[in-house]
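J.: Here's a structure for you.
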4 protein chains.
Amino acid sequence: MSRDTLGVAMLGYAFMGKAHSRALLALQHLDVPVRPELVSISGRNPEGVERAREEWGWTEAITDWREQVADERVGLFDNGGPNVVHAEPTIAAARAGKHVVCEKPLGLTADESYEMWQEAERAGVHHLCGFNYRFVPAVRLARELLEAGELGEVVHFRARYLQSWGWDADPELWRFDPRQAGTGAIGDLGAHIIDLARYLVGEVTAVSARVRTIVAGREVDDHFVATVEFENGVAGTLEASRLARGRINSNAFEVNGSNGSLAFDIERLNELEVADTKSFRRVLVTEPTHPFMRYWWPPGHIVGWGDTFIHEFGHMLEAIAGEHEVPPHGANFEDGYRCSEVTEAILRSADSGRREEVRYR
Amino acid sequence: MSRDTLGVAMLGYAFMGKAHSRALLALQHLDVPVRPELVSISGRNPEGVERAREEWGWTEAITDWREQVADERVGLFDNGGPNVVHAEPTIAAARAGKHVVCEKPLGLTADESYEMWQEAERAGVHHLCGFNYRFVPAVRLARELLEAGELGEVVHFRARYLQSWGWDADPELWRFDPRQAGTGAIGDLGAHIIDLARYLVGEVTAVSARVRTIVAGREVDDHFVATVEFENGVAGTLEASRLARGRINSNAFEVNGSNGSLAFDIERLNELEVADTKSFRRVLVTEPTHPFMRYWWPPGHIVGWGDTFIHEFGHMLEAIAGEHEVPPHGANFEDGYRCSEVTEAILRSADSGRREEVRYR
Amino acid sequence: MSRDTLGVAMLGYAFMGKAHSRALLALQHLDVPVRPELVSISGRNPEGVERAREEWGWTEAITDWREQVADERVGLFDNGGPNVVHAEPTIAAARAGKHVVCEKPLGLTADESYEMWQEAERAGVHHLCGFNYRFVPAVRLARELLEAGELGEVVHFRARYLQSWGWDADPELWRFDPRQAGTGAIGDLGAHIIDLARYLVGEVTAVSARVRTIVAGREVDDHFVATVEFENGVAGTLEASRLARGRINSNAFEVNGSNGSLAFDIERLNELEVADTKSFRRVLVTEPTHPFMRYWWPPGHIVGWGDTFIHEFGHMLEAIAGEHEVPPHGANFEDGYRCSEVTEAILRSADSGRREEVRYR
Amino acid sequence: MSRDTLGVAMLGYAFMGKAHSRALLALQHLDVPVRPELVSISGRNPEGVERAREEWGWTEAITDWREQVADERVGLFDNGGPNVVHAEPTIAAARAGKHVVCEKPLGLTADESYEMWQEAERAGVHHLCGFNYRFVPAVRLARELLEAGELGEVVHFRARYLQSWGWDADPELWRFDPRQAGTGAIGDLGAHIIDLARYLVGEVTAVSARVRTIVAGREVDDHFVATVEFENGVAGTLEASRLARGRINSNAFEVNGSNGSLAFDIERLNELEVADTKSFRRVLVTEPTHPFMRYWWPPGHIVGWGDTFIHEFGHMLEAIAGEHEVPPHGANFEDGYRCSEVTEAILRSADSGRREEVRYR
């Protein structure tokens, strides 16, 4: 436990600021090779950022992220701000030699995401894009079962991410402003399931999509549906909506293979439904042998959504300590970029009314 | 109970022959305005059809359906044979003035389905296409809730029909022969959810689809995925597969509206999940006020899949007795035809790689 | 199919009259060795019984069951009347050499049930007590798994039968009249789970119970709770209620053994939850190899509650044809009697405030 | 956030040591009126306690709890050690004026529990018994709905706590040693559901129970079943087992009232099933208005089992700050004592074969 420490600077102090801060605090007392020190938190609103600093114990509150990038104490720059401030600060931090974490979606556009990835690579730093659902124990177990060939040849995939808050939401939210958010449900929810599709099945090659804005006065999409094709021939569907009454946070997928199937829903994030050739078994993913369980409790004592960030940042700290690479189990900026390309193919297809191939560079 | 009787002639003695025969027998003792008499059953194999005659009490076993069409005792011709023998006998029966029931998919092609519809209309007979899932009590309740405006404005729809027997099936089955079946999962399973989409949401105007044949040596599709657009602007997805391990007969749909949602799966056919603006409620559709429950038991005593045919044929007998029309609650041949057009649009889209509009005549 | 026929006479024309009549009609066209002929139906109310006769196709309607007992055409006497008329007509029929079916609970008291059993045995006829839940495919499968030792040594059992109609029910119902019904929830619902306990686990030796009448003005019990001990050392609980809001017809049990567990609920009567040493698997009990499926459809096409009576009467007809005995898979009058003794032990225990041993003769 | 601080000393460094430590660390950065300082952790094994100190950031590691009791920096003594060391250290701490938290079951016997309660009361300190399931948001919501009269008059209750690790467990575990644990499943699992029964329904007045030790060589109970009576007339069942294959940590209860019902299972700890007079609704207890959600995330982002300790210790810190009393929403030592009396009544009843009244002093 005489561990090295790593200074962390965070941009953003809202939802993600809270989730990341609490995960970093918890990791100070968990078995990871590097102990995170909470050096500074930044944001535009001085009162907000000071309140966040005090609450989560960051040493300094800052209104200009450039100070963080210039700070020698900082080894990891963590960007949890609105989408519009993902690229510039993250690139600057990478150029300054900081390891970087950036929330999803990576850039506002595929071009921006590509640049972020290239810059991070060029800088030789570790980079992680915040697809925290890769760090749900049941999702990691799904991947492990797929890698072990338990499902045989995968043939179909479907994923849907359904929420309902879009009907009654405050129209002033940054998530509804195309300048700050880029897209609506696509970038917010769709990005997660695009990443899971890639993590679980393989590279996405083409999509056919339909995107809709339904609520009057809204400038970003509320909902999309898409068919999706993978490099390995698998066909599937992707759907996301902020307007699905009764679904609070239902990020659900299903994988069908020649020897079995897997089904999952984040509303029951400790459960993985595992089928062999006949029937589904409900696996409570809390056994000592299950992913990430070394952090936790005896079987049957479930983890929460916030805990996925502990797994994610633990993974990043291990990568920084040289124990492994970020991918494949964490998404790096290449994954963030590739997700952006799928997103753009979805938008192109909605415009063209055609199946669109994903144009990776 | 001094009811009129109606002579019925059936073509087909396999799965559908059994389901229809048993429903007709049950309807002899249920409160419907016309009592069905089982006049004759026909099929190509003399032994098979004689066995069926004896088992289900049909008066005669016949190997040429033309005799049935010419039989004056017959008022209703019920076609439950393979898809390839849907059109000719059904049209002949209609021309002979018989009311007609035909299993889905109606014709092998949209042209054939159109002709069947036109001929039945021209003959002035009642015609019903065997989309028996309209006669699941929970599905009818879903429609009633939608008609009553309980969900507000519908915005999204998704349906999937997943089975798994395709992995291990006898390759000699007529369902795998394109000459007898036309298509695979599309006509067999997809037709059901296309019809439910039309029944619950509205007319389908365009699709983008991906169709796959996966099992070596198979000549019909195993699986398709599609996005679907409706006249009223709703967007959704349709999926069907015979290769979804762990799914035995999972015909599941979800409708999301501005005030609520509905979710259903035929594997639990007595349950409808009904959401208001917050959460889903599990409604056991067995209350006296629920659809079709006048035939059945006190609350909580569930009905089975076979019972949907009792509801369907009861509906047809009432239509023949002049109590109502077949549509909208039963599918008529127009519905069968329109389903065929959606099917063809799916096939066209899979070929063209484009969104294809459905070309209704 | 050149089968022998068996004349059936039925007493009762309400809920059970309907369920039995429809099962017998269906069995005329199913593969059982004896074809049932519906000779006569009887009941006190001439209009009611005539309506039933006409609806279900019984040849004669009768107001005095003695005529049925004396009728030479009758080979099977089926008693589905209120509990108070179970004993006398059934015993008379057995003495007249008729095979007998009697609904549960067998007699109003254990004495009465014992006499019914003894008389039926003495007469040498086949006797079946209407515990139709033994004929749910999933329940039979549960028994088969237990017999095959799949669960290892059974250690715990729990069953509860919860309904909610008791809150709002018509007070004039015979089920609330102690003279006609004997008990309330105990005989109506409790009898079913006592029988399942015996069928699945073994002989019940002692109980400790608490019985309550809650609704004002009611003269029979609404609810009971009990611990239960079995000859083989297993301990468990039994509970039944007519006052459990939200539970419509929830007859649910769970068996825990050293190598696995089983869980079931009649509201989902086609599903059996089967655990090995780790997790529960949802088995849809509709495979060709599953019990009773020879009567039905391809996998995934579920059966209904009413269909359990087809299985039950099919079993009785096979017994009459000499193919097997009624027990252990059907309950005979000994089972009906033993259930009555458990019932009385529950009542004794509720009175005495002690654990009471079951006093089998 | 210029909060008072409170020095905490903890006894125990295993499962509960970990759960409490992590909750206290998290509470350093959450909105509670007092900031906990982790002064010292104690245990018999010097290496183990030092490792725990280092991991969770306790200032000192100690092998004699008496030093903690004498430590002026300590304001709260938290006892998470084996049951056998609950009484003496906790009483000593209370006498020394420390507020006290003690894990459940409170004492090894009702006498011991009573003494602990009396001493804590006499000392005038705040005392909390670690029934953390009162701090599950869904459980608190259940209580709120009951208090608000949403269920009308409660009539039935059932709870069962089923695990399966007992089949394969290390026989050397302190939980199997009657000298350290007192009882087996009763104190470990049963205590939780006894407390929930009291929290949700009311005071327990009598029980009839059956207790079994099944695994060869085991000296504590594996399993019990009981009927239970409440002061307000409600009747119910309690069951706990360490031998229920397929159940990992299933702490499930159901409350039935005249106007509705509630059902819960800790394996899905963010969900409460809420019935009105008809059907059950699945409430995801993650809305801003739901209990404890001020600590957490937007709707649908679930909390974990470990988070219940954050709620519990937050509650205790608020009590210490004078914001409220520990009961009724937290269990105090009186609740711990009363639970012990129910436990002893269960043991007495298992011995006597009689219904036993609970003998509160």
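Each chain of the structure tokens is named A, B, ... in the order shown, its residues numbered from 1; ligands are numbered from 1 in display order.
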Using only C-alpha atoms, find the residues of chain A whose closest atom to chain B is at most 7 Å away, then write them as an MDAnalysis selection string.

T.: chainID A and resid 208 225:227 236:237 244:246 256:257 259:261 275:280 353:355

J.: Please identify all polymer residues within 9 Å of Val139 in chain A, counting only C-alpha atoms, omitting same-chain residues fewer than 2 positions from it, and present them as a PyMOL selection string.

T.: chain A and resi 133-137+141-144+196+200+264+269+272

J.: Which residues, written as number ranges by chain, have at least one atom at most 9 Å from Ile310 in chain C, with only C-alpha atoms counted and residues fewer than 4 positions away on the same chain left out?

T.: C: 20, 22-24, 26-27, 135, 306, 314-315

J.: My list of candidates is A:Gly17, A:Pro327, A:Gly166, A:Gly130. Which is closest to Glu55 in chain A when distances are computed with only C-alpha atoms?

T.: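 Closest residue, counting only C-alpha atoms: A:Gly17.
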
J.: Step one, run DSSP on the backbone; step two, keep only residues of range 71-232 of chain D assigned to strand (DSSP E); then write them as a ChimeraX atom specification.

T.: /D:76-79,99-102,127-129,154-162,204-212,223-230
